[in-house]
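Colleague: My file is structure-v4.pdb. It has PDB, C-alpha atoms and all ligand atoms:
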MODEL        1
ATOM      1  CA  MET A  12     -19.239  12.082 -21.613
ATOM      2  CA  ALA A  13     -17.675  11.388 -18.203
ATOM      3  CA  LYS A  14     -19.764   9.219 -15.902
ATOM      4  CA  LYS A  15     -19.905   9.688 -12.139
ATOM      5  CA  ILE A  16     -19.508   6.535 -10.059
ATOM      6  CA  LYS A  17     -21.407   6.544  -6.779
ATOM      7  CA  LEU A  18     -19.933   4.390  -4.039
ATOM      8  CA  ASP A  19     -22.214   2.662  -1.544
ATOM      9  CA  ASP A  20     -21.789   3.388   2.186
ATOM     10  CA  LYS A  21     -19.433   0.436   2.830
ATOM     11  CA  THR A  22     -17.054   1.215  -0.014
ATOM     12  CA  GLN A  23     -17.204   4.930   0.821
ATOM     13  CA  ALA A  24     -16.294   4.117   4.438
ATOM     14  CA  PHE A  25     -13.267   2.104   3.309
ATOM     15  CA  GLN A  26     -12.092   4.825   0.936
ATOM     16  CA  LYS A  27     -12.524   7.431   3.683
ATOM     17  CA  LEU A  28     -10.598   5.326   6.199
ATOM     18  CA  VAL A  29      -7.652   5.070   3.795
ATOM     19  CA  GLU A  30      -7.789   8.792   3.030
ATOM     20  CA  ASP A  31      -8.014   9.719   6.726
ATOM     21  CA  LEU A  32      -4.901   7.646   7.444
ATOM     22  CA  CYS A  33      -2.811   8.970   4.562
ATOM     23  CA  GLY A  34      -4.143  12.499   4.074
ATOM     24  CA  GLN A  35      -4.422  11.999   0.308
ATOM     25  CA  ASN A  36      -7.422  12.750  -1.892
ATOM     26  CA  THR A  37      -7.487   9.634  -4.044
ATOM     27  CA  ALA A  38     -10.256  11.054  -6.251
ATOM     28  CA  LYS A  39      -7.602  13.319  -7.777
ATOM     29  CA  CYS A  40      -5.960  10.315  -9.471
ATOM     30  CA  ASP A  41      -6.652  10.340 -13.190
ATOM     31  CA  GLN A  42      -5.180   6.874 -13.774
ATOM     32  CA  CYS A  43      -2.437   8.168 -16.039
ATOM     33  CA  GLY A  44      -0.160   5.271 -15.022
ATOM     34  CA  THR A  45       2.944   7.423 -14.528
ATOM     35  CA  CYS A  46       3.449   5.934 -11.063
ATOM     36  CA  SER A  47       3.465   2.384 -12.445
ATOM     37  CA  GLY A  48       5.750   3.334 -15.332
ATOM     38  CA  GLY A  49       8.464   4.702 -13.039
ATOM     39  CA  CYS A  50       8.206   2.327 -10.091
ATOM     40  CA  PRO A  51      11.471   0.362  -9.740
ATOM     41  CA  PHE A  52       9.636  -2.499  -8.018
ATOM     42  CA  VAL A  53       6.602  -2.845 -10.280
ATOM     43  CA  GLU A  54       7.820  -6.177 -11.703
ATOM     44  CA  ASP A  55       7.594  -7.708  -8.226
ATOM     45  CA  MET A  56       4.108  -6.376  -7.510
ATOM     46  CA  ASP A  57       0.898  -8.302  -8.136
ATOM     47  CA  ILE A  58      -0.983  -5.104  -8.985
ATOM     48  CA  THR A  59       0.648  -1.902 -10.210
ATOM     49  CA  PRO A  60       0.650   1.307  -8.136
ATOM     50  CA  ALA A  61      -1.969   2.768 -10.511
ATOM     51  CA  GLU A  62      -4.178  -0.314 -10.024
ATOM     52  CA  LEU A  63      -3.740   0.038  -6.267
ATOM     53  CA  MET A  64      -4.873   3.671  -6.576
ATOM     54  CA  ARG A  65      -7.900   2.656  -8.635
ATOM     55  CA  LYS A  66      -8.957   0.027  -6.107
ATOM     56  CA  VAL A  67      -8.756   2.556  -3.272
ATOM     57  CA  MET A  68     -10.690   5.147  -5.301
ATOM     58  CA  LEU A  69     -13.432   2.573  -5.841
ATOM     59  CA  GLY A  70     -13.358   1.450  -2.205
ATOM     60  CA  GLN A  71     -12.449  -2.112  -3.166
ATOM     61  CA  GLU A  72     -11.335  -3.740   0.074
ATOM     62  CA  ASP A  73      -9.722  -6.659  -1.745
ATOM     63  CA  VAL A  74      -6.782  -4.277  -2.270
ATOM     64  CA  LEU A  75      -5.842  -5.360   1.276
ATOM     65  CA  GLU A  76      -5.000  -8.814  -0.100
ATOM     66  CA  SER A  77      -2.496  -7.369  -2.551
ATOM     67  CA  GLU A  78       1.253  -7.786  -2.061
ATOM     68  CA  THR A  79       1.947  -4.375  -3.606
ATOM     69  CA  MET A  80       1.659  -2.372  -0.382
ATOM     70  CA  TRP A  81       4.292  -4.628   1.234
ATOM     71  CA  ILE A  82       6.656  -4.387  -1.721
ATOM     72  CA  CYS A  83       6.466  -0.586  -1.992
ATOM     73  CA  ALA A  84       9.831   0.650  -0.714
ATOM     74  CA  THR A  85       8.683   4.244  -0.159
ATOM     75  CA  CYS A  86      11.279   5.413  -2.674
ATOM     76  CA  ASN A  87       8.939   8.273  -3.685
ATOM     77  CA  THR A  88       9.748   8.039  -7.401
ATOM     78  CA  CYS A  89       6.011   7.958  -8.114
ATOM     79  CA  THR A  90       5.362  10.894  -5.806
ATOM     80  CA  VAL A  91       7.767  13.229  -7.551
ATOM     81  CA  ARG A  92       6.430  12.213 -10.969
ATOM     82  CA  CYS A  93       2.685  12.162 -10.274
ATOM     83  CA  PRO A  94       1.020  14.999 -12.220
ATOM     84  CA  ARG A  95      -1.690  15.167  -9.517
ATOM     85  CA  LYS A  96       0.861  15.380  -6.685
ATOM     86  CA  LEU A  97      -0.420  12.207  -5.049
ATOM     87  CA  ASP A  98       1.791  10.209  -2.706
ATOM     88  CA  VAL A  99       1.193   6.543  -3.498
ATOM     89  CA  SER A 100       3.635   5.424  -0.810
ATOM     90  CA  LYS A 101       1.480   7.103   1.853
ATOM     91  CA  ILE A 102      -1.535   5.230   0.521
ATOM     92  CA  ALA A 103       0.426   1.957   0.630
ATOM     93  CA  GLU A 104       1.399   2.803   4.218
ATOM     94  CA  ALA A 105      -2.258   3.434   5.136
ATOM     95  CA  LEU A 106      -3.218   0.039   3.686
ATOM     96  CA  ARG A 107      -0.450  -1.646   5.677
ATOM     97  CA  GLN A 108      -1.708   0.083   8.831
ATOM     98  CA  ILE A 109      -5.240  -1.216   8.241
ATOM     99  CA  ARG A 110      -3.926  -4.754   7.806
ATOM    100  CA  LEU A 111      -1.650  -4.561  10.851
ATOM    101  CA  ARG A 112      -4.362  -3.031  13.028
ATOM    102  CA  ASN A 113      -6.351  -6.172  12.270
ATOM    103  CA  GLU A 114      -3.333  -8.004  13.694
ATOM    104  CA  ILE A 115      -2.587  -9.695  10.389
ATOM    105  CA  ASP A 116       1.204  -9.707  10.357
ATOM    106  CA  GLN A 117       3.139 -10.033   7.138
ATOM    107  CA  LEU A 118       6.230 -11.269   8.911
ATOM    108  CA  ASP A 119       6.318 -13.965  11.583
ATOM    109  CA  ILE A 120       9.610 -13.695  13.458
ATOM    110  CA  GLY A 121       8.998 -17.169  14.845
ATOM    111  CA  LYS A 122       9.370 -18.584  11.343
ATOM    112  CA  ILE A 123      12.866 -17.187  10.862
ATOM    113  CA  SER A 124      15.527 -19.722  11.857
ATOM    114  CA  ARG A 125      18.212 -18.860  14.417
ATOM    115  CA  GLU A 126      20.830 -19.260  11.673
ATOM    116  CA  GLU A 127      19.023 -16.734   9.458
ATOM    117  CA  ILE A 128      18.688 -14.303  12.359
ATOM    118  CA  LYS A 129      22.455 -14.551  12.942
ATOM    119  CA  GLU A 130      23.164 -13.992   9.230
ATOM    120  CA  LEU A 131      20.742 -11.155   8.537
ATOM    121  CA  PRO A 132      21.793  -7.543   9.210
ATOM    122  CA  GLN A 133      20.164  -6.464  12.489
ATOM    123  CA  ILE A 134      19.023  -3.185  11.005
ATOM    124  CA  ALA A 135      17.194  -5.013   8.196
ATOM    125  CA  LEU A 136      15.465  -7.253  10.726
ATOM    126  CA  ILE A 137      14.331  -4.304  12.860
ATOM    127  CA  ALA A 138      13.144  -2.387   9.788
ATOM    128  CA  ALA A 139      11.234  -5.427   8.518
ATOM    129  CA  LEU A 140       9.609  -5.991  11.917
ATOM    130  CA  ARG A 141       8.560  -2.337  12.123
ATOM    131  CA  LYS A 142       7.082  -2.363   8.638
ATOM    132  CA  LEU A 143       5.587  -5.831   8.506
ATOM    133  CA  SER A 144       4.272  -6.677  11.979
ATOM    134  CA  SER A 145       1.762  -5.204  14.395
TER     135      SER A 145
HETATM  136  S1  LIG B 201       0.823   9.028 -11.346
HETATM  137 FE1  LIG B 201      -0.665   9.968  -9.927
HETATM  138  S2  LIG B 201      -2.443  10.473 -11.174
HETATM  139 FE2  LIG B 201      -1.191   9.043 -12.361
HETATM  140  S3  LIG B 201      -2.062   7.010 -11.887
HETATM  141 FE3  LIG B 201      -0.386   7.365 -10.456
HETATM  142  S4  LIG B 201      -1.339   8.274  -8.638
HETATM  143 FE4  LIG B 201      -2.809   8.455 -10.326
HETATM  144  S1  LIG B 202       7.103   4.780  -3.563
HETATM  145 FE1  LIG B 202       6.449   2.642  -3.787
HETATM  146  S2  LIG B 202       4.946   2.643  -5.453
HETATM  147 FE2  LIG B 202       6.076   4.592  -5.557
HETATM  148  S3  LIG B 202       7.742   4.215  -7.016
HETATM  149 FE3  LIG B 202       8.556   3.800  -4.976
HETATM  150  S4  LIG B 202       8.243   1.596  -4.633
HETATM  151 FE4  LIG B 202       6.949   2.211  -6.384
ENDMDL
END
Would you encode the structure as structure tokens?
Modeller:
Amino acid sequence: MAKKIKLDDKTQAFQKLVEDLCGQNTAKCDQCGTCSGGCPFVEDMDITPAELMRKVMLGQEDVLESETMWICATCNTCTVRCPRKLDVSKIAEALRQIRLRNEIDQLDIGKISREEIKELPQIALIAALRKLSS
């Protein structure tokens, strides 16, 4: 028989914050793993997209420490395959927003050498700054 899990106020608040930012109902996820199976970047992630979904569903704030949300390339493979029509990339984006709003940058431009800045494509630098810094 299916068991209902009741979240306490703090975990509920975290789950709601993520859902408010991304407009997704994470409770719809049935943990089928299709998103993880098709993700082209799953090998580089520390937790799979399905694990990320589970952590958000359970209001586990330690998901904010995961690298997965930064590695997600918003390719939408998972979105088109998800049987529950969930958009994992939007959830990853919401998690990034929460981190960046706390002014915890993932990229410190000051740590990139002048030589690297000259070598790197400008568009990649701008895109990385937009995605990874507050
Ligand atoms: S494919 Fe959809 S329903 Fe399945 S685990 Fe991923 S997000 Fe959940
Ligand atoms: S949108 Fe992100 S999580 Fe989904 S398949 Fe692409 S890289 Fe993986």
Colleague: What residues have any atom no more than 8 Å from ligand LIG 202 (chain B) when counting only C-alpha atoms and all ligand atoms, and can you list them as a ChimeraX atom specification?
Modeller: /A:46-47,49-53,59-60,79-80,82-90,98-100,103
Colleague: Please list as a PyMOL selection string every residue within 7 Å of Leu140 of chain A, counting all atoms listed in the file and excluding residues in the same chain fewer than 4 positions away.
Modeller: chain A and resi 118+136+144
Colleague: At most 9 Å is the cut-off: for each residue in chain A with any atom that close to an atom of ligand LIG 201 (chain B), write down the nearest atom pair and the distance in Å rounded to one decimal, counting only C-alpha atoms and all ligand atoms, chain first then increasing number, as a Markdown table.
Modeller:
| residue | atom | partner | partner_atom | distance |
| --- | --- | --- | --- | --- |
| A:Thr37 | CA | B:LIG201 | S4 | 7.8 |
| A:Ala38 | CA | B:LIG201 | FE4 | 8.9 |
| A:Lys39 | CA | B:LIG201 | S2 | 6.8 |
| A:Cys40 | CA | B:LIG201 | FE4 | 3.8 |
| A:Asp41 | CA | B:LIG201 | S2 | 4.7 |
| A:Gln42 | CA | B:LIG201 | S3 | 3.6 |
| A:Cys43 | CA | B:LIG201 | FE2 | 4.0 |
| A:Gly44 | CA | B:LIG201 | S3 | 4.1 |
| A:Thr45 | CA | B:LIG201 | S1 | 4.1 |
| A:Cys46 | CA | B:LIG201 | S1 | 4.1 |
| A:Ser47 | CA | B:LIG201 | FE3 | 6.6 |
| A:Gly48 | CA | B:LIG201 | S1 | 8.5 |
| A:Gly49 | CA | B:LIG201 | S1 | 8.9 |
| A:Pro60 | CA | B:LIG201 | FE3 | 6.6 |
| A:Ala61 | CA | B:LIG201 | S3 | 4.5 |
| A:Glu62 | CA | B:LIG201 | S3 | 7.8 |
| A:Leu63 | CA | B:LIG201 | S4 | 8.9 |
| A:Met64 | CA | B:LIG201 | S4 | 6.2 |
| A:Arg65 | CA | B:LIG201 | FE4 | 7.9 |
| A:Cys89 | CA | B:LIG201 | S1 | 6.2 |
| A:Thr90 | CA | B:LIG201 | FE1 | 7.4 |
| A:Val91 | CA | B:LIG201 | S1 | 9.0 |
| A:Arg92 | CA | B:LIG201 | S1 | 6.5 |
| A:Cys93 | CA | B:LIG201 | S1 | 3.8 |
| A:Pro94 | CA | B:LIG201 | FE1 | 5.8 |
| A:Arg95 | CA | B:LIG201 | S2 | 5.0 |
| A:Lys96 | CA | B:LIG201 | FE1 | 6.5 |
| A:Leu97 | CA | B:LIG201 | FE1 | 5.4 |
| A:Asp98 | CA | B:LIG201 | S4 | 7.0 |
| A:Val99 | CA | B:LIG201 | S4 | 6.0 |
Colleague: Nearest to Glu30 of chain A among A:Leu69, A:Ile102, A:Val74, A:Ala139, with distances taken over all atoms listed in the file: which residue is it?
Modeller: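 Answer, going by the shortest atom-to-atom distance: A:Ile102.
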Colleague: Just so the selection is clear, what residues does the PyMOL selection byres (((chain A and resi 75) around 8) and not hetatm) cover here, as a VMD selection string?
Modeller: chain A and resid 72 to 74 76 to 77 106 to 107 110
Colleague: Leaving out Asp20 of chain A and any residue of its chain fewer than 5 positions from it, which residues lie within 10 Å of it when counting all atoms listed in the file, given as an mmCIF file with C-alpha atoms, keeping the file's coordinate frame?
Modeller:
data_model
loop_
_atom_site.group_PDB
_atom_site.id
_atom_site.type_symbol
_atom_site.label_atom_id
_atom_site.label_comp_id
_atom_site.auth_asym_id
_atom_site.auth_seq_id
_atom_site.Cartn_x
_atom_site.Cartn_y
_atom_site.Cartn_z
ATOM 1 C CA PHE A 25 -13.267 2.104 3.309
ATOM 2 C CA GLN A 26 -12.092 4.825 0.936
ATOM 3 C CA GLY A 70 -13.358 1.450 -2.205
#
